[in-house]
>>> print(open('structure.cif').read())   # mmCIF, C-alpha atoms and all ligand atoms
data_structure
#
loop_
_atom_site.label_atom_id
_atom_site.label_comp_id
_atom_site.auth_asym_id
_atom_site.auth_seq_id
_atom_site.Cartn_x
_atom_site.Cartn_y
_atom_site.Cartn_z
CA MET A 1 0.00 0.00 0.00
CA LYS A 2 1.22 3.52 -0.82
CA ARG A 3 2.80 5.47 2.06
CA LEU A 4 3.27 9.12 1.23
CA VAL A 5 4.19 12.28 3.14
CA ALA A 6 2.97 15.82 2.53
CA PRO A 7 4.65 18.57 4.61
CA SER A 8 2.24 21.43 5.33
CA ILE A 9 3.86 24.81 4.70
CA LEU A 10 1.45 26.46 7.18
CA SER A 11 4.23 25.92 9.71
CA ALA A 12 7.06 26.98 7.36
CA ASP A 13 9.12 30.14 7.81
CA PHE A 14 7.29 32.63 5.55
CA ASN A 15 10.28 34.98 5.70
CA HIS A 16 12.29 32.29 3.95
CA LEU A 17 9.61 30.31 2.16
CA GLY A 18 11.84 29.62 -0.85
CA LYS A 19 14.38 27.97 1.41
CA ASP A 20 11.75 25.68 2.92
CA ILE A 21 10.44 24.76 -0.54
CA GLU A 22 14.01 23.89 -1.59
CA MET A 23 14.27 21.69 1.51
CA ILE A 24 11.06 19.88 0.46
CA ASN A 25 12.38 19.53 -3.12
CA GLN A 26 15.52 17.82 -1.82
CA SER A 27 13.62 15.68 0.71
CA GLU A 28 11.69 12.43 0.35
CA ALA A 29 8.36 14.32 0.53
CA ASP A 30 5.75 13.27 -2.02
CA TYR A 31 3.54 16.38 -2.09
CA ILE A 32 3.58 19.94 -0.73
CA HIS A 33 0.44 20.62 1.33
CA PHE A 34 -1.13 24.12 1.23
CA ASP A 35 -3.75 25.19 3.80
CA VAL A 36 -5.98 27.86 2.29
CA MET A 37 -8.27 29.47 4.92
CA ASP A 38 -10.96 32.09 4.35
CA GLY A 39 -11.82 33.25 7.89
CA VAL A 40 -15.42 32.07 7.31
CA PHE A 41 -15.32 28.28 7.05
CA VAL A 42 -12.53 28.26 9.64
CA PRO A 43 -11.65 30.86 12.29
CA ASN A 44 -8.35 31.81 10.63
CA ILE A 45 -7.01 33.36 7.42
CA SER A 46 -3.84 32.02 5.80
CA PHE A 47 -2.77 32.56 2.18
CA GLY A 48 -4.17 32.07 -1.29
CA ILE A 49 -3.61 31.97 -5.04
CA PRO A 50 -0.61 34.36 -5.39
CA VAL A 51 1.46 32.40 -2.86
CA ILE A 52 0.69 29.07 -4.52
CA GLU A 53 1.50 30.54 -7.94
CA GLN A 54 4.91 31.72 -6.73
CA VAL A 55 5.75 28.48 -4.96
CA ASN A 56 4.77 26.54 -8.07
CA ARG A 57 7.60 28.22 -9.98
CA ILE A 58 10.22 26.50 -7.84
CA ALA A 59 8.37 23.44 -6.47
CA GLU A 60 9.44 20.04 -7.77
CA LYS A 61 6.67 18.07 -6.02
CA PRO A 62 2.93 18.04 -6.77
CA LEU A 63 0.96 20.75 -4.96
CA ASP A 64 -1.73 19.35 -2.64
CA VAL A 65 -4.15 22.22 -1.98
CA HIS A 66 -6.51 21.95 1.01
CA LEU A 67 -9.28 24.52 0.58
CA MET A 68 -10.88 25.51 3.88
CA ILE A 69 -13.24 27.94 2.18
CA VAL A 70 -17.00 28.20 1.73
CA ASN A 71 -18.50 27.77 -1.76
CA PRO A 72 -15.19 26.84 -3.39
CA ASP A 73 -16.57 26.41 -6.95
CA HIS A 74 -15.51 29.88 -8.17
CA PHE A 75 -11.95 29.29 -7.07
CA ILE A 76 -11.27 25.82 -8.47
CA GLU A 77 -10.02 27.00 -11.87
CA PRO A 78 -7.69 29.72 -10.48
CA PHE A 79 -6.17 27.28 -7.98
CA VAL A 80 -5.55 24.68 -10.70
CA LYS A 81 -4.06 27.39 -12.94
CA ALA A 82 -1.84 28.42 -10.03
CA GLY A 83 -0.42 24.89 -9.95
CA ALA A 84 -2.65 22.68 -7.78
CA SER A 85 -2.34 18.99 -8.76
CA ILE A 86 -4.72 17.85 -6.04
CA VAL A 87 -7.65 20.02 -4.94
CA THR A 88 -9.36 19.13 -1.67
CA VAL A 89 -12.72 20.68 -0.78
CA HIS A 90 -14.60 20.20 2.47
CA TYR A 91 -17.78 18.11 2.47
CA GLU A 92 -19.17 20.62 5.00
CA ALA A 93 -18.52 23.60 2.68
CA CYS A 94 -20.11 22.31 -0.54
CA LYS A 95 -23.83 22.47 -1.35
CA HIS A 96 -23.45 20.34 -4.47
CA LEU A 97 -20.46 18.17 -3.79
CA HIS A 98 -20.84 15.99 -6.89
CA ARG A 99 -20.80 19.09 -9.11
CA THR A 100 -17.74 20.48 -7.34
CA VAL A 101 -15.86 17.18 -7.71
CA GLN A 102 -16.63 17.06 -11.45
CA LEU A 103 -15.50 20.68 -11.75
CA ILE A 104 -12.11 19.88 -10.19
CA LYS A 105 -11.65 16.97 -12.61
CA SER A 106 -12.75 19.06 -15.60
CA PHE A 107 -9.70 21.30 -15.05
CA GLY A 108 -7.39 18.27 -14.99
CA ALA A 109 -6.69 18.13 -11.24
CA ARG A 110 -7.15 15.21 -8.88
CA ALA A 111 -10.32 15.55 -6.79
CA SER A 112 -10.33 15.09 -3.04
CA VAL A 113 -12.95 15.60 -0.32
CA CYS A 114 -12.20 16.42 3.30
CA LEU A 115 -14.24 15.46 6.37
CA ASN A 116 -14.12 17.38 9.64
CA PRO A 117 -13.59 15.30 12.80
CA HIS A 118 -17.34 15.20 13.55
CA THR A 119 -18.45 14.18 10.05
CA PRO A 120 -19.02 10.43 9.62
CA VAL A 121 -17.27 8.51 6.84
CA ALA A 122 -20.66 7.16 5.72
CA VAL A 123 -21.53 10.48 4.00
CA LEU A 124 -19.02 9.55 1.28
CA GLU A 125 -20.85 6.38 0.24
CA ASP A 126 -22.30 7.90 -2.95
CA ILE A 127 -19.31 10.01 -4.01
CA ILE A 128 -16.37 7.73 -3.21
CA GLN A 129 -16.34 6.21 -6.72
CA ASP A 130 -15.55 9.66 -8.16
CA LEU A 131 -12.72 10.58 -5.80
CA ASP A 132 -8.93 10.38 -6.14
CA MET A 133 -8.38 11.04 -2.44
CA VAL A 134 -10.24 11.54 0.85
CA LEU A 135 -8.72 13.79 3.50
CA LEU A 136 -9.68 13.02 7.09
CA MET A 137 -9.11 15.87 9.53
CA SER A 138 -7.61 14.61 12.77
CA VAL A 139 -7.91 18.07 14.37
CA ASN A 140 -10.51 20.79 13.90
CA PRO A 141 -9.35 22.72 10.82
CA GLY A 142 -7.93 26.23 11.09
CA PHE A 143 -4.63 25.93 12.94
CA GLY A 144 -1.41 23.98 13.01
CA GLY A 145 0.04 22.46 16.17
CA GLN A 146 -3.15 20.99 17.66
CA LYS A 147 -3.60 17.72 19.50
CA PHE A 148 -4.51 14.63 17.46
CA ILE A 149 -8.10 13.37 17.90
CA GLU A 150 -7.97 9.63 18.69
CA ASN A 151 -11.32 8.81 17.03
CA THR A 152 -9.53 9.30 13.67
CA TYR A 153 -8.07 5.78 13.73
CA LYS A 154 -11.58 4.33 13.69
CA LYS A 155 -12.53 6.58 10.78
CA VAL A 156 -9.45 5.52 8.80
CA ARG A 157 -10.39 1.85 9.25
CA GLN A 158 -14.00 2.50 8.20
CA LEU A 159 -12.86 4.47 5.16
CA ARG A 160 -10.32 1.79 4.19
CA GLU A 161 -13.15 -0.74 4.10
CA LEU A 162 -15.36 1.49 1.95
CA ILE A 163 -12.51 2.35 -0.43
CA ASP A 164 -11.34 -1.24 -0.83
CA SER A 165 -14.83 -2.33 -1.82
CA VAL A 166 -15.67 0.55 -4.20
CA ASN A 167 -12.58 2.45 -5.42
CA PRO A 168 -9.27 0.86 -4.32
CA ASP A 169 -7.14 3.50 -6.11
CA CYS A 170 -8.53 6.29 -3.94
CA LEU A 171 -5.97 7.52 -1.38
CA ILE A 172 -6.62 8.22 2.31
CA GLU A 173 -4.85 11.34 3.60
CA VAL A 174 -4.86 12.36 7.27
CA ASP A 175 -4.17 15.89 8.48
CA GLY A 176 -3.49 17.27 11.96
CA GLY A 177 -1.34 16.30 14.92
CA VAL A 178 0.76 13.85 12.91
CA ASN A 179 4.03 12.71 14.49
CA PHE A 180 5.95 9.40 14.54
CA GLU A 181 3.53 7.83 17.01
CA THR A 182 0.22 8.89 15.45
CA GLY A 183 1.69 8.46 11.95
CA ALA A 184 2.67 4.83 12.57
CA ARG A 185 -0.81 4.02 13.86
CA LEU A 186 -2.45 5.83 10.92
CA PHE A 187 -0.45 3.86 8.33
CA GLU A 188 -1.30 0.70 10.21
CA ALA A 189 -5.02 1.60 10.14
CA GLY A 190 -4.86 2.02 6.35
CA ALA A 191 -3.91 5.64 5.64
CA ASN A 192 -1.78 6.43 2.57
CA VAL A 193 -0.77 10.07 2.97
CA LEU A 194 0.34 11.83 6.16
CA VAL A 195 0.21 15.63 6.30
CA ALA A 196 2.59 17.09 8.87
CA GLY A 197 3.17 20.75 9.64
CA SER A 198 4.55 21.62 13.07
CA PHE A 199 6.22 18.22 13.48
CA VAL A 200 8.27 18.80 10.33
CA PHE A 201 9.01 22.53 10.52
CA GLY A 202 9.43 22.61 14.30
CA ALA A 203 12.29 20.14 14.02
CA GLU A 204 15.97 20.95 13.78
CA ASN A 205 16.26 18.80 10.66
CA PRO A 206 12.89 18.82 8.81
CA ALA A 207 14.12 16.61 5.94
CA GLU A 208 15.05 13.91 8.46
CA ILE A 209 11.53 14.02 9.94
CA ILE A 210 10.05 13.64 6.45
CA SER A 211 12.25 10.57 5.84
CA GLY A 212 11.33 9.22 9.30
CA LEU A 213 7.62 9.48 8.51
CA LYS A 214 8.08 7.72 5.18
CA GLN A 215 9.91 4.86 6.84
CA LEU A 216 7.36 4.26 9.63
O1 LIG B 1 -5.28 21.75 7.60
C1 LIG B 1 -4.57 21.96 8.57
C2 LIG B 1 -5.05 22.79 9.69
O2 LIG B 1 -6.31 23.24 9.42
C3 LIG B 1 -3.25 21.29 8.61
O3 LIG B 1 -2.76 20.96 7.34
C4 LIG B 1 -2.19 21.82 9.53
O4 LIG B 1 -1.23 22.60 8.88
C5 LIG B 1 -1.49 20.63 10.17
O5 LIG B 1 -0.65 21.09 11.14
P1 LIG B 1 -0.01 20.13 12.24
O6 LIG B 1 -1.15 19.62 13.08
O7 LIG B 1 0.71 19.05 11.50
O8 LIG B 1 0.91 21.05 12.97
FE FE B 2 -4.41 20.86 5.76
#
>>> encode(input="structure.cif", output="structure tokens", more="lines below")
Ligand SMILES: O=C(CO)[C@@H](O)[C@H](O)COP(=O)(O)O
Ligand SMILES: [Fe+2]
Amino acid sequence: MKRLVAPSILSADFNHLGKDIEMINQSEADYIHFDVMDGVFVPNISFGIPVIEQVNRIAEKPLDVHLMIVNPDHFIEPFVKAGASIVTVHYEACKHLHRTVQLIKSFGARASVCLNPHTPVAVLEDIIQDLDMVLLMSVNPGFGGQKFIENTYKKVRQLRELIDSVNPDCLIEVDGGVNFETGARLFEAGANVLVAGSFVFGAENPAEIISGLKQL
């Protein structure tokens, strides 16, 4: 089973963002994770299209864009044009999720849907066949550095069962509070992609942490 790592640049040093992107380029990371927050869907504002566009000029890994924004439909095309390879929208933020997923695919990006910690996996039953990835939040979205919610392991196992029976190529990504301990248990439960922000960028040697996560 695929085991991938996506460092989240929310915890990077924005005064030297280019340096951190170079570090990711040289590392064993598989994707670069971008947390886009609108201050409405989540109680925080981060960065948007211009930052992703700039990073895309030097990034050598696919851009994994996590949209924590309401009504994302208008912004799908600009984010894909800015360089997003994977676009994740929140189940809780989309009125017509099937339409939004088709829209993402129509621009040539991989389509992913994210569930908040309180949203059951079962809501994906009639969309899973159309998805390239599902992102499970293991913290409430909006901030880096929060404590991992233990119930996530159960959700990963439930999702693994659903995916294996309907769409085995679909990836399971988990985001929030990932470290060596939670990461090992998540891979064991059936996750494919670990997002890690503060654990990577808070370390003295971030590239070593990325390699450590890949080897769990
Ligand atoms: O989507 C989010 C937060 O909303 C994440 O991608 C965070 O950036 C993860 O940060 P850590 O919990 O790994 O510090
Ligand atoms: Fe994220």
>>> residues_near_point(input="structure.cif", point="(-16.6, 11.2, -5.5)", cutoff="6 Å", atoms="all atoms listed in the file", output="list in words")
Ile127, Ile128, Gln129, Asp130 and Leu131 of chain A
>>> residues_around(input="structure.cif", residues="Ala29 (chain A)", least_positions_apart="3", cutoff="9 Å", atoms="all atoms listed in the file", output="count of residues only")
13
>>> closest_atom_pairs(input="structure.cif", of="chain A", to="ligand FE 2 (chain B)", cutoff="9 Å", atoms="all atoms listed in the file", output="tab-separated table")
residue	atom	partner	partner_atom	distance
A:Ser8	CA	B:FE2	FE	6.7
A:Leu10	CA	B:FE2	FE	8.2
A:His33	CA	B:FE2	FE	6.6
A:Phe34	CA	B:FE2	FE	6.5
A:Asp35	CA	B:FE2	FE	4.8
A:Val36	CA	B:FE2	FE	8.0
A:Asp64	CA	B:FE2	FE	8.9
A:Val65	CA	B:FE2	FE	7.9
A:His66	CA	B:FE2	FE	5.3
A:Leu67	CA	B:FE2	FE	8.0
A:Met68	CA	B:FE2	FE	8.2
A:Leu135	CA	B:FE2	FE	8.6
A:Met137	CA	B:FE2	FE	7.8
A:Pro141	CA	B:FE2	FE	7.3
A:Gly142	CA	B:FE2	FE	8.3
A:Phe143	CA	B:FE2	FE	8.8
A:Gly144	CA	B:FE2	FE	8.4
A:Val174	CA	B:FE2	FE	8.6
A:Asp175	CA	B:FE2	FE	5.7
A:Gly176	CA	B:FE2	FE	7.2
A:Val195	CA	B:FE2	FE	7.0
A:Ala196	CA	B:FE2	FE	8.5
A:Gly197	CA	B:FE2	FE	8.5
>>> atom_distance(input="structure.cif", atom1="CA of Thr119 (chain A)", atom2="CA of Val70 (chain A)")
16.4 Å
>>> residues_around(input="structure.cif", residues="Val113 (chain A)", least_positions_apart="4", cutoff="7 Å", atoms="only C-alpha atoms", output="list in words")
Thr88, Val89, His90, Tyr91, Met133, Val134 and Leu135 of chain A
>>> closest_residue(input="structure.cif", among="A:Lys81, A:Pro117, A:Ser112, A:Ala189", to="Ile49 (chain A)", atoms="only C-alpha atoms")
A:Lys81
>>> atom_distance(input="structure.cif", atom1="CA of Glu204 (chain A)", atom2="CA of Phe47 (chain A)")
24.9 Å
>>> residues_around(input="structure.cif", residues="His96 (chain A)", least_positions_apart="4", cutoff="10 Å", atoms="all atoms listed in the file", output="short mmCIF file (atom, residue, chain, number, x, y, z; two decimals) with C-alpha atoms, in the coordinates of the input")
data_model
loop_
_atom_site.label_atom_id
_atom_site.label_comp_id
_atom_site.auth_asym_id
_atom_site.auth_seq_id
_atom_site.Cartn_x
_atom_site.Cartn_y
_atom_site.Cartn_z
CA ASN A 71 -18.50 27.77 -1.76
CA ASP A 73 -16.57 26.41 -6.95
CA TYR A 91 -17.78 18.11 2.47
CA THR A 100 -17.74 20.48 -7.34
CA VAL A 101 -15.86 17.18 -7.71
#
>>> closest_residue(input="structure.cif", among="A:Ile9, A:Ala191, A:Val40, A:Met1", to="ligand LIG 1 (chain B)", atoms="all atoms listed in the file")
A:Ile9
>>> axis_aligned_box(input="structure.cif", around="ligand LIG 1 (chain B)", padding_each_side="4 Å", output="AutoDock Vina command-line options")
--center_x -2.7 --center_y 21.1 --center_z 10.2 --size_x 15.2 --size_y 12.2 --size_z 13.7
>>> closest_residue(input="structure.cif", among="A:Val121, A:Ala184, A:Ile104, A:Ile21", to="Val156 (chain A)", atoms="all atoms listed in the file")
A:Val121
>>> closest_residue(input="structure.cif", among="A:Gln215, A:Val55, A:Asp20, A:Ile69", to="Gly39 (chain A)", atoms="only C-alpha atoms")
A:Ile69
>>> atom_distance(input="structure.cif", atom1="CA of Leu136 (chain A)", atom2="CA of Ala82 (chain A)")
24.3 Å
>>> residues_around(input="structure.cif", residues="Gly108 (chain A)", least_positions_apart="3", cutoff="12 Å", atoms="all atoms listed in the file", output="VMD selection string")
chain A and resid 76 to 77 79 to 81 83 to 87 101 to 105 111 132
>>> closest_residue(input="structure.cif", among="A:Lys147, A:His74, A:Lys95, A:Arg57", to="ligand LIG 1 (chain B)", atoms="all atoms listed in the file")
A:Lys147
>>> closest_residue(input="structure.cif", among="A:Thr182, A:Asn205, A:Gln54, A:Asn192", to="ligand LIG 1 (chain B)", atoms="only C-alpha atoms and all ligand atoms")
A:Thr182
>>> residues_around(input="structure.cif", residues="Gly190 (chain A)", least_positions_apart="4", cutoff="9 Å", atoms="only C-alpha atoms", output="MDAnalysis selection string")
chainID A and resid 1 153 156:157 159:160 172 185:186
>>> build_atoms(input="structure.cif", residues="region 69-82 of chain A", atoms="N, CA and C atoms", output="mmCIF file, in the frame of the given file")
data_model
loop_
_atom_site.group_PDB
_atom_site.id
_atom_site.type_symbol
_atom_site.label_atom_id
_atom_site.label_comp_id
_atom_site.auth_asym_id
_atom_site.auth_seq_id
_atom_site.Cartn_x
_atom_site.Cartn_y
_atom_site.Cartn_z
ATOM 1 N N ILE A 69 -12.487 26.750 2.587
ATOM 2 C CA ILE A 69 -13.240 27.940 2.180
ATOM 3 C C ILE A 69 -14.674 27.554 1.839
ATOM 4 N N VAL A 70 -15.604 28.481 2.079
ATOM 5 C CA VAL A 70 -17.000 28.200 1.730
ATOM 6 C C VAL A 70 -17.188 28.378 0.220
ATOM 7 N N ASN A 71 -18.174 27.689 -0.329
ATOM 8 C CA ASN A 71 -18.500 27.770 -1.760
ATOM 9 C C ASN A 71 -17.257 27.834 -2.651
ATOM 10 N N PRO A 72 -16.474 26.774 -2.680
ATOM 11 C CA PRO A 72 -15.190 26.840 -3.390
ATOM 12 C C PRO A 72 -15.287 26.868 -4.925
ATOM 13 N N ASP A 73 -16.472 26.616 -5.492
ATOM 14 C CA ASP A 73 -16.570 26.410 -6.950
ATOM 15 C C ASP A 73 -15.891 27.499 -7.785
ATOM 16 N N HIS A 74 -16.087 28.768 -7.389
ATOM 17 C CA HIS A 74 -15.510 29.880 -8.170
ATOM 18 C C HIS A 74 -13.991 29.862 -8.187
ATOM 19 N N PHE A 75 -13.405 29.201 -7.219
ATOM 20 C CA PHE A 75 -11.950 29.290 -7.070
ATOM 21 C C PHE A 75 -11.199 28.063 -7.572
ATOM 22 N N ILE A 76 -11.940 27.064 -8.033
ATOM 23 C CA ILE A 76 -11.270 25.820 -8.470
ATOM 24 C C ILE A 76 -10.331 26.111 -9.647
ATOM 25 N N GLU A 77 -10.845 26.756 -10.684
ATOM 26 C CA GLU A 77 -10.020 27.000 -11.870
ATOM 27 C C GLU A 77 -8.773 27.829 -11.538
ATOM 28 N N PRO A 78 -8.910 28.962 -10.814
ATOM 29 C CA PRO A 78 -7.690 29.720 -10.480
ATOM 30 C C PRO A 78 -6.668 28.932 -9.656
ATOM 31 N N PHE A 79 -7.137 28.067 -8.765
ATOM 32 C CA PHE A 79 -6.170 27.280 -7.980
ATOM 33 C C PHE A 79 -5.467 26.248 -8.874
ATOM 34 N N VAL A 80 -6.197 25.648 -9.798
ATOM 35 C CA VAL A 80 -5.550 24.680 -10.700
ATOM 36 C C VAL A 80 -4.571 25.420 -11.606
ATOM 37 N N LYS A 81 -4.972 26.596 -12.097
ATOM 38 C CA LYS A 81 -4.060 27.390 -12.940
ATOM 39 C C LYS A 81 -2.826 27.812 -12.175
ATOM 40 N N ALA A 82 -2.979 28.024 -10.871
ATOM 41 C CA ALA A 82 -1.840 28.420 -10.030
ATOM 42 C C ALA A 82 -0.886 27.267 -9.789
#
